[in-house]
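> The structure is given below, and queries will be raised subsequently.
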Amino acid sequence: MPDQPFWKTKPLDAMSRAEWESLCDGCGRCCLHKIRDEDTEELHFTNVACRLLDTATCRCRDYASRKRIVPDCVRLTPKLVAGLDWLPPSCGYVLVAQGRDLPDWHPLVSGDPDSVHRAGASVAGRAVPEREADDLEDHVVAWPGRFPRARKSAAGG
């Protein structure tokens, strides 16, 4: 039997920094603003992207300095992943923490960083830059909180 990939054999807290970082599929969903109802604690997703998110590539424009530029940006840790309710259900960190496998379109599975976009799992083409949005309440959407539907040939060319 061939060796299993690291995400199937290692818990999150045993991963190297490179392994940890590679679990991010580059979808950008976690970089969308959310609204939490003060009374009910209900979470609402929006299609409004953090000002640092490049909405075409779904990558942070200044990943190394993101916490300095956007103080409320959350730096994920294995301990935090278990307690956050706003990470997308398709998030590699969430899936591995739950003992589930990564989807076929995840770059670690497909070998292609663009497969997440072809699969329709990313925010590319669906996010509104923060500076172009008015009231967040006008941008509430459900899709960031749902597992993406599989598209044919998402993992392949």
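Chain labels run A, B, ... following the order of the structure tokens; each chain numbers its residues from 1, and ligands are numbered from 1 in the order shown.
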Write out as a PyMOL selection string each polymer residue whose atoms come within 7 Å of stretch 77-81 of chain A, counting only C-alpha atoms; drop sequence neighbours fewer than 4 positions from it.

chain A and resi 12-13+93-94

> What are the closest atom pairs, with distances in Å to one decimal, for each residue of stretch 55-107 of chain A lying within 7 Å of stretch 23-35 of chain A, using only C-alpha atoms, rows by chain and rising residue number, as CSV?


```
residue,atom,partner,partner_atom,distance
A:Cys58,CA,A:Gly28,CA,5.0
A:Arg59,CA,A:Gly26,CA,6.5
A:Leu87,CA,A:Cys30,CA,5.7
A:Pro88,CA,A:Arg29,CA,6.5
A:Gly92,CA,A:Leu23,CA,5.2
A:Tyr93,CA,A:Leu23,CA,6.2
A:His106,CA,A:Asp25,CA,5.6
A:Pro107,CA,A:Asp25,CA,6.1
```

> Select, from A:Gln98, A:Ser22, A:Ser65, A:Thr55, the residue with the minimum atom-to-atom distance to A:Gly125, counting only C-alpha atoms.

A:Thr55

> Give me, please, the distance in Å between atom CA of A:Pro148 and atom CA of A:Ala119, quoted to one decimal.

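Taking atom CA of A:Pro148 as the start and atom CA of A:Ala119 as the end point, the length is 7.9 Å.
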
> May I ask for the distance between atom CA of A:Val74 and atom CA of A:Gly111, given in Å to one decimal place?

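Here the two named atoms are 26.9 Å from each other.
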
> Enter the distance from atom CA of A:Ala127 to atom CA of A:Phe147, in Å, rounded to one decimal.

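These two atoms are separated by 16.7 Å.
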
> Contacts of A:Gln4 at 12 Å or less, counting only C-alpha atoms, minus same-chain residues fewer than 4 places along, as a list in words?

Lys8, Thr9, Lys10, Asp101 and Val109 of chain A

> Next, dump the selected residues to file, keeping only C-alpha atoms, as a PDB file, in the first residue's frame.


```
ATOM      1  CA  LYS A   8      -4.421  11.653   6.277  1.00  0.00           C
ATOM      2  CA  THR A   9      -1.782  10.628   8.802  1.00  0.00           C
ATOM      3  CA  LYS A  10      -0.981  13.708  10.879  1.00  0.00           C
ATOM      4  CA  ASP A 101     -10.628  13.777   3.118  1.00  0.00           C
ATOM      5  CA  VAL A 109      -5.071  16.416  -4.386  1.00  0.00           C
TER       6      VAL A 109
END
```

> Quick one: pick out all strand (DSSP E) residues within chain A from a backbone DSSP run and write them as a list of chain:residue names.

A:Leu32, A:His33, A:Lys34, A:Ile35, A:Arg36, A:Leu43, A:His44, A:Phe45, A:Thr46, A:Asn47, A:Val48, A:Ala49, A:Leu53, A:Asp54, A:Arg59, A:Cys60, A:Val128, A:Pro129

> Which one is closest to A:Ser115: A:Pro144, A:Glu130, A:Asp54, A:Pro103? Count only C-alpha atoms.

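Closest to A:Ser115 of all the choices is A:Pro103.
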
> Pick from A:Thr57, A:Glu132, A:Arg149, A:Cys73: nearest to A:Asp114, with only C-alpha atoms counted?

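The closest residue to A:Asp114 is A:Thr57.
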
> Select, from A:Asp134, A:Leu102, A:Ala64, A:Ala124, the residue with the minimum atom-to-atom distance to A:Pro5, counting only C-alpha atoms.

A:Leu102
